[in-house]
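Source file: input.cif. Holds: mmCIF, C-alpha atoms.
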data_final
#
loop_
_atom_site.label_atom_id
_atom_site.label_comp_id
_atom_site.auth_asym_id
_atom_site.auth_seq_id
_atom_site.Cartn_x
_atom_site.Cartn_y
_atom_site.Cartn_z
CA MET A 1 0.00 0.00 0.00
CA CYS A 2 1.20 3.52 -0.76
CA PRO A 3 -0.67 6.19 1.25
CA LYS A 4 -0.58 9.54 -0.49
CA ASN A 5 2.61 11.52 0.23
CA GLU A 6 3.68 9.18 3.06
CA MET A 7 6.19 7.00 1.25
CA PHE A 8 7.56 9.49 -1.26
CA SER A 9 8.69 13.04 -0.56
CA ILE A 10 9.46 15.44 -3.35
CA ASP A 11 12.71 17.37 -3.06
CA LEU A 12 12.25 20.43 -5.25
CA HIS A 13 13.78 23.84 -4.72
CA GLU A 14 11.38 26.75 -4.27
CA VAL A 15 11.46 27.97 -7.87
CA GLN A 16 10.58 24.50 -9.15
CA LYS A 17 7.66 24.37 -6.72
CA GLN A 18 6.38 27.60 -8.24
CA ILE A 19 6.28 25.88 -11.61
CA PHE A 20 4.79 22.52 -10.70
CA MET A 21 2.57 23.42 -7.76
CA GLY A 22 1.86 27.10 -8.24
CA LYS A 23 -0.39 28.66 -10.84
CA ALA A 24 -2.88 26.21 -12.31
CA ALA A 25 -2.79 25.89 -16.09
CA ARG A 26 -3.18 22.98 -18.45
CA PHE A 27 -0.16 23.92 -20.57
CA LYS A 28 3.03 25.09 -18.84
CA ILE A 29 5.98 26.31 -20.90
CA ILE A 30 9.36 26.73 -19.19
CA ALA A 31 12.22 28.55 -20.90
CA LYS A 32 15.29 28.22 -18.67
CA GLY A 33 19.04 28.62 -18.50
CA ARG A 34 21.54 25.79 -18.41
CA ARG A 35 21.87 23.80 -15.14
CA PHE A 36 18.57 25.11 -13.82
CA GLY A 37 17.70 21.59 -12.68
CA LEU A 38 14.55 21.19 -14.75
CA THR A 39 15.11 17.59 -15.90
CA ARG A 40 15.51 16.31 -12.36
CA GLY A 41 12.51 18.37 -11.24
CA LEU A 42 10.38 16.96 -14.05
CA ALA A 43 11.40 13.41 -13.09
CA LEU A 44 10.47 13.95 -9.44
CA PHE A 45 7.18 15.56 -10.36
CA ALA A 46 6.28 12.70 -12.73
CA VAL A 47 6.89 10.08 -10.03
CA LEU A 48 4.96 12.08 -7.44
CA LYS A 49 1.96 12.44 -9.78
CA MET A 50 2.01 8.72 -10.57
CA ILE A 51 1.90 7.89 -6.87
CA THR A 52 -0.51 10.50 -5.55
CA ASP A 53 -2.98 10.50 -8.45
CA GLY A 54 -2.83 6.76 -9.07
CA GLY A 55 -3.84 5.02 -12.28
CA ILE A 56 -2.61 7.73 -14.65
CA ASN A 57 -0.79 7.49 -17.96
CA VAL A 58 2.27 9.72 -18.39
CA LEU A 59 4.33 10.38 -21.53
CA TRP A 60 7.93 11.61 -21.35
CA VAL A 61 9.34 12.85 -24.68
CA ASP A 62 13.05 13.55 -25.05
CA THR A 63 15.68 13.97 -27.73
CA ILE A 64 17.20 10.47 -28.04
CA TYR A 65 16.68 7.25 -26.14
CA SER A 66 20.22 7.10 -24.72
CA ASN A 67 19.53 10.38 -22.91
CA ILE A 68 16.33 8.93 -21.46
CA GLU A 69 18.25 5.96 -20.07
CA ARG A 70 20.79 8.26 -18.39
CA TYR A 71 18.05 10.43 -16.93
CA PHE A 72 16.30 7.39 -15.53
CA ASP A 73 19.45 6.12 -13.83
CA ARG A 74 20.43 9.52 -12.42
CA TYR A 75 17.09 11.06 -11.51
CA PHE A 76 14.31 8.46 -11.40
CA ARG A 77 16.02 5.41 -9.92
CA PRO A 78 17.40 7.07 -6.72
CA GLU A 79 13.90 8.28 -5.84
CA LEU A 80 12.17 5.02 -6.74
CA LYS A 81 14.54 3.19 -4.42
CA LYS A 82 12.73 4.93 -1.57
CA LEU A 83 9.71 2.81 -2.45
CA SER A 84 9.21 -0.91 -1.95
CA GLY A 85 10.69 -2.88 -4.83
CA LYS A 86 7.28 -4.51 -5.27
CA MET A 87 5.72 -1.14 -6.04
CA TRP A 88 7.53 -0.40 -9.29
CA ASN A 89 9.15 -2.04 -12.27
CA LYS A 90 10.68 -0.86 -15.52
CA ASN A 91 11.29 -2.46 -18.85
CA LYS A 92 13.17 -0.87 -21.72
CA SER A 93 10.93 2.17 -22.18
CA GLU A 94 8.10 1.85 -19.66
CA LEU A 95 7.92 2.52 -15.92
CA LYS A 96 5.03 1.12 -13.87
CA ILE A 97 4.20 2.21 -10.32
CA ILE A 98 1.60 0.22 -8.40
CA THR A 99 -0.40 1.99 -5.69
CA ASN A 100 -3.52 1.56 -3.56
CA ASN A 101 -3.01 -2.03 -2.39
CA SER A 102 -1.89 -3.13 -5.87
CA ASP A 103 -5.27 -2.14 -7.35
CA THR A 104 -4.04 0.85 -9.33
CA THR A 105 -1.13 1.09 -11.75
CA SER A 106 0.32 4.29 -13.19
CA VAL A 107 2.36 3.98 -16.37
CA LEU A 108 5.13 6.23 -17.69
CA ASP A 109 6.02 5.78 -21.36
CA MET A 110 9.46 7.17 -22.24
CA ARG A 111 9.84 8.00 -25.93
CA SER A 112 12.42 9.75 -28.09
CA ALA A 113 11.70 12.39 -30.70
CA ASP A 114 13.98 10.69 -33.23
CA ARG A 115 11.40 7.87 -33.51
CA PRO A 116 8.09 9.78 -33.78
CA GLU A 117 6.30 6.69 -35.12
CA ASN A 118 6.68 5.16 -31.62
CA LEU A 119 4.90 8.07 -29.94
CA GLU A 120 1.39 7.57 -31.28
CA GLY A 121 -1.48 5.39 -30.21
CA PHE A 122 -2.33 6.22 -26.57
CA GLY A 123 -4.03 8.87 -24.47
CA TYR A 124 -2.28 10.50 -21.50
CA HIS A 125 -3.13 12.41 -18.35
CA LEU A 126 0.28 14.11 -18.21
CA ILE A 127 2.69 14.79 -21.08
CA ILE A 128 6.22 16.05 -20.45
CA ILE A 129 8.44 17.36 -23.24
CA ASN A 130 12.03 17.76 -22.07
CA GLU A 131 14.73 19.60 -24.06
CA ALA A 132 11.94 21.35 -25.95
CA GLY A 133 14.35 23.66 -27.75
CA ILE A 134 15.56 20.58 -29.64
CA VAL A 135 12.45 18.36 -29.68
CA LEU A 136 10.10 21.05 -30.99
CA LYS A 137 12.25 21.84 -34.00
CA ASN A 138 9.99 19.22 -35.54
CA ARG A 139 6.64 21.02 -35.69
CA ASN A 140 4.89 17.93 -37.06
CA LEU A 141 5.89 15.95 -33.97
CA TRP A 142 3.76 18.31 -31.87
CA GLN A 143 0.86 18.77 -34.27
CA GLU A 144 0.48 15.24 -35.60
CA SER A 145 1.77 13.00 -32.80
CA ILE A 146 1.65 14.70 -29.38
CA LEU A 147 -1.28 17.13 -29.52
CA PRO A 148 -3.89 14.48 -30.48
CA MET A 149 -2.86 12.42 -27.44
CA THR A 150 -3.90 15.26 -25.11
CA LEU A 151 -7.57 14.89 -26.05
CA ASP A 152 -8.64 11.71 -24.23
CA TYR A 153 -8.07 13.00 -20.70
CA LYS A 154 -7.50 16.74 -21.34
CA ALA A 155 -3.87 16.09 -20.49
CA GLU A 156 -1.71 18.41 -18.45
CA VAL A 157 1.29 19.31 -20.64
CA ILE A 158 4.66 20.56 -19.40
CA ILE A 159 7.13 21.76 -22.02
CA GLY A 160 10.57 22.84 -20.91
CA GLY A 161 14.10 23.40 -22.10
CA THR A 162 16.79 25.86 -23.04
CA PRO A 163 15.67 28.00 -26.00
CA LYS A 164 17.47 27.45 -29.31
CA GLY A 165 16.51 30.70 -30.98
CA LYS A 166 13.30 32.32 -32.17
CA ARG A 167 13.58 30.84 -35.65
CA THR A 168 14.74 27.55 -37.12
CA LYS A 169 17.44 27.09 -39.74
CA LYS A 170 14.64 27.13 -42.31
CA ASN A 171 13.78 30.64 -41.06
CA GLU A 172 10.47 29.45 -39.65
CA LYS A 173 9.27 30.57 -36.21
CA HIS A 174 10.54 28.05 -33.67
CA LEU A 175 7.59 26.18 -32.18
CA PHE A 176 9.03 26.38 -28.65
CA TYR A 177 9.16 30.18 -28.97
CA GLU A 178 5.66 30.24 -30.44
CA LEU A 179 4.14 28.14 -27.65
CA TYR A 180 5.96 30.19 -25.02
CA GLY A 181 4.20 33.25 -26.41
CA ARG A 182 0.79 31.74 -25.74
CA GLY A 183 1.41 31.80 -22.01
CA ASP A 184 3.35 35.04 -22.00
CA THR A 185 0.74 37.15 -23.81
CA PRO A 186 -2.36 38.38 -21.91
CA LEU A 187 -5.72 37.60 -23.47
CA HIS A 188 -7.27 40.38 -25.52
CA PRO A 189 -9.97 42.41 -23.66
CA SER A 190 -12.54 40.97 -26.06
CA GLN A 191 -11.80 37.54 -24.54
CA GLU A 192 -12.76 38.61 -21.01
CA GLY A 193 -14.06 35.66 -19.02
CA ILE A 194 -12.19 33.09 -21.11
CA LYS A 195 -9.71 30.98 -19.17
CA ASN A 196 -6.18 31.00 -20.55
CA ASP A 197 -4.96 27.41 -20.30
CA TRP A 198 -1.37 28.47 -21.02
CA VAL A 199 1.24 29.89 -18.65
CA SER A 200 4.91 30.57 -19.37
CA PHE A 201 7.92 30.74 -17.06
CA ASN A 202 11.32 32.22 -17.79
CA TYR A 203 14.28 31.48 -15.51
CA SER A 204 18.02 31.82 -15.82
CA SER A 205 20.75 29.62 -14.37
CA TYR A 206 20.97 32.14 -11.50
CA ASP A 207 17.46 31.14 -10.39
CA ASN A 208 18.72 27.73 -9.27
CA PRO A 209 19.46 28.27 -5.55
CA LEU A 210 21.67 25.17 -5.53
CA LEU A 211 24.24 26.79 -7.83
CA ASP A 212 26.93 29.22 -6.71
CA PRO A 213 26.38 32.46 -8.68
CA ASN A 214 30.11 33.10 -8.59
CA ASP A 215 30.67 29.85 -10.51
CA ILE A 216 28.13 30.96 -13.11
CA ASP A 217 30.00 34.28 -13.39
CA GLU A 218 33.23 32.38 -14.06
CA LEU A 219 31.56 30.56 -16.96
#

Just give me the structure as structure tokens.
Amino acid sequence: MCPKNEMFSIDLHEVQKQIFMGKAARFKIIAKGRRFGLTRGLALFAVLKMITDGGINVLWVDTIYSNIERYFDRYFRPELKKLSGKMWNKNKSELKIITNNSDTTSVLDMRSADRPENLEGFGYHLIIINEAGIVLKNRNLWQESILPMTLDYKAEVIIGGTPKGKRTKKNEKHLFYELYGRGDTPLHPSQEGIKNDWVSFNYSSYDNPLLDPNDIDEL
């Protein structure tokens, strides 16, 4: 049995808590500096949601599969070890966490953007796009593969990464920049009363309280 919040504590710094547990919005876009700690924060948040919500489907999209494997070993596994070994298991690209007296199973699918054909086919409650500055260079990946999978459960979507410019090499507006603008631009007065489901966050490396600002200055 896994009582809510009793067997797993989330270790986020205060700025990360503002993102994940602050303002409610269905789509959250995070543009951040290097070494902000977003990947680890996303991993912790994903595990926490799987445990506390129970029975949810989560999709993690990243650049290449070898990066996903490293992230799992460095960020997911140390936290999962806090849980009973009977509560979770992982195969090559899927993490399962069993909660509520083994009656409920949450599933995390980990997919890479270099194999978009492997992304499609399921509905999700939470979708995380890491390294969005790279992943969202492929506009079709978002429009044709990811966005349709938000419909089944009105998925919460978190998109984060270090920006890679406002335009692509083809001189098209970068999708990461475009989506960031949806949460950074107030609704027009004519849309009064309409809820804006998008919110954007912008942080630099200096906003990570675990880093020494003098070291950032040196770099």

Between atom CA of A:Gln16 and atom CA of A:Phe45 - distance in Å to one decimal: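 That distance, rounded to one decimal, is 9.6 Å.
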
Residues within 6 Å of (10.3, 17.8, -22.7), file coords, all atoms listed in the file, listed as an MDAnalysis selection string: chainID A and resid 61:62 128:132 159:160

Result set, the PyMOL selection byres ((chain A and resi 126) around 8) on current file, as a list in words: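 Selected by the PyMOL selection byres ((chain A and resi 126) around 8) here: Ile56, Asn57, Val58, Leu59, Tyr124, His125, Ile127, Ile128, Ala155, Glu156, Val157 and Ile158 of chain A.
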
Shell of 9 Å around stretch 66-70 of chain A, all atoms listed in the file, local chain residues under 5 positions omitted, as a ChimeraX atom specification: /A:60-61,75,92-93,110-112

Result set, the PyMOL selection byres ((chain A and resi 134-144) around 12) on current file, as an NGL selection string: :A and (60-64 or 111-121 or 127-133 or 145-150 or 157 or 159-180)

Nearest to A:Asp53 by atom-to-atom distance, counting all atoms listed in the file, from A:Asn202, A:Thr105, A:Asn91, A:Thr39: A:Thr105

Explicit residue set for the PyMOL selection byres ((chain A and resi 96) around 12), as JSON, numbers by chain: {"A": [46, 47, 50, 51, 54, 55, 56, 57, 58, 80, 85, 86, 87, 88, 89, 90, 91, 92, 93, 94, 95, 97, 98, 99, 102, 104, 105, 106, 107, 108, 109, 110]}

Proximity to A:Glu14 - best of A:Gly41, A:Arg26, A:Glu79, A:Arg74, all atoms listed in the file: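 The answer is A:Gly41, which sits nearest to A:Glu14.
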
Straight-line distance linking atom CA of A:Ser204 with atom CA of A:Arg77, stated in Å to one decimal: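 Between atom CA of A:Ser204 and atom CA of A:Arg77 the gap works out to 27.1 Å.
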
Atomic separation - atom CA of A:Phe201 relative to atom CA of A:Arg35, Å: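 Going from atom CA of A:Arg35 over to atom CA of A:Phe201, I get 15.7 Å.
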
Contact residues around A:Gln18 with all atoms listed in the file at 12 Å, ignoring same-chain residues under 4 positions, as a PDB file with C-alpha atoms, in the frame of the given file:
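What follows is the written file out.pdb:
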ATOM      1  CA  LEU A  12      12.250  20.430  -5.250  1.00  0.00           C
ATOM      2  CA  HIS A  13      13.780  23.840  -4.720  1.00  0.00           C
ATOM      3  CA  GLU A  14      11.380  26.750  -4.270  1.00  0.00           C
ATOM      4  CA  GLY A  22       1.860  27.100  -8.240  1.00  0.00           C
ATOM      5  CA  LYS A  23      -0.390  28.660 -10.840  1.00  0.00           C
ATOM      6  CA  ALA A  24      -2.880  26.210 -12.310  1.00  0.00           C
ATOM      7  CA  LYS A  28       3.030  25.090 -18.840  1.00  0.00           C
ATOM      8  CA  ILE A  30       9.360  26.730 -19.190  1.00  0.00           C
ATOM      9  CA  GLY A  41      12.510  18.370 -11.240  1.00  0.00           C
ATOM     10  CA  VAL A 199       1.240  29.890 -18.650  1.00  0.00           C
ATOM     11  CA  SER A 200       4.910  30.570 -19.370  1.00  0.00           C
ATOM     12  CA  PHE A 201       7.920  30.740 -17.060  1.00  0.00           C
ATOM     13  CA  ASN A 202      11.320  32.220 -17.790  1.00  0.00           C
ATOM     14  CA  TYR A 203      14.280  31.480 -15.510  1.00  0.00           C
ATOM     15  CA  ASP A 207      17.460  31.140 -10.390  1.00  0.00           C
TER      16      ASP A 207
END

From A:Asn196, A:Gly181, A:Tyr71, A:Asp152, residue lying nearest A:Leu42 [all atoms listed in the file]: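 Nearest candidate to A:Leu42 out of A:Asn196, A:Gly181, A:Tyr71, A:Asp152: A:Tyr71.
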
Which of A:Val15, A:Ala31, A:Ile10, A:Met21 sits closest to A:Leu44 [using all atoms listed in the file]: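 Smallest separation from A:Leu44 among the options: A:Ile10.
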
Please, what is the axis-aligned box for every listed atom of stretch 109-113 of chain A with 8 Å on each side, as centre and edge lengths in Å to one decimal, as JSON?
{"center_x": 9.2, "center_y": 9.1, "center_z": -26.0, "size_x": 22.4, "size_y": 22.6, "size_z": 25.3}
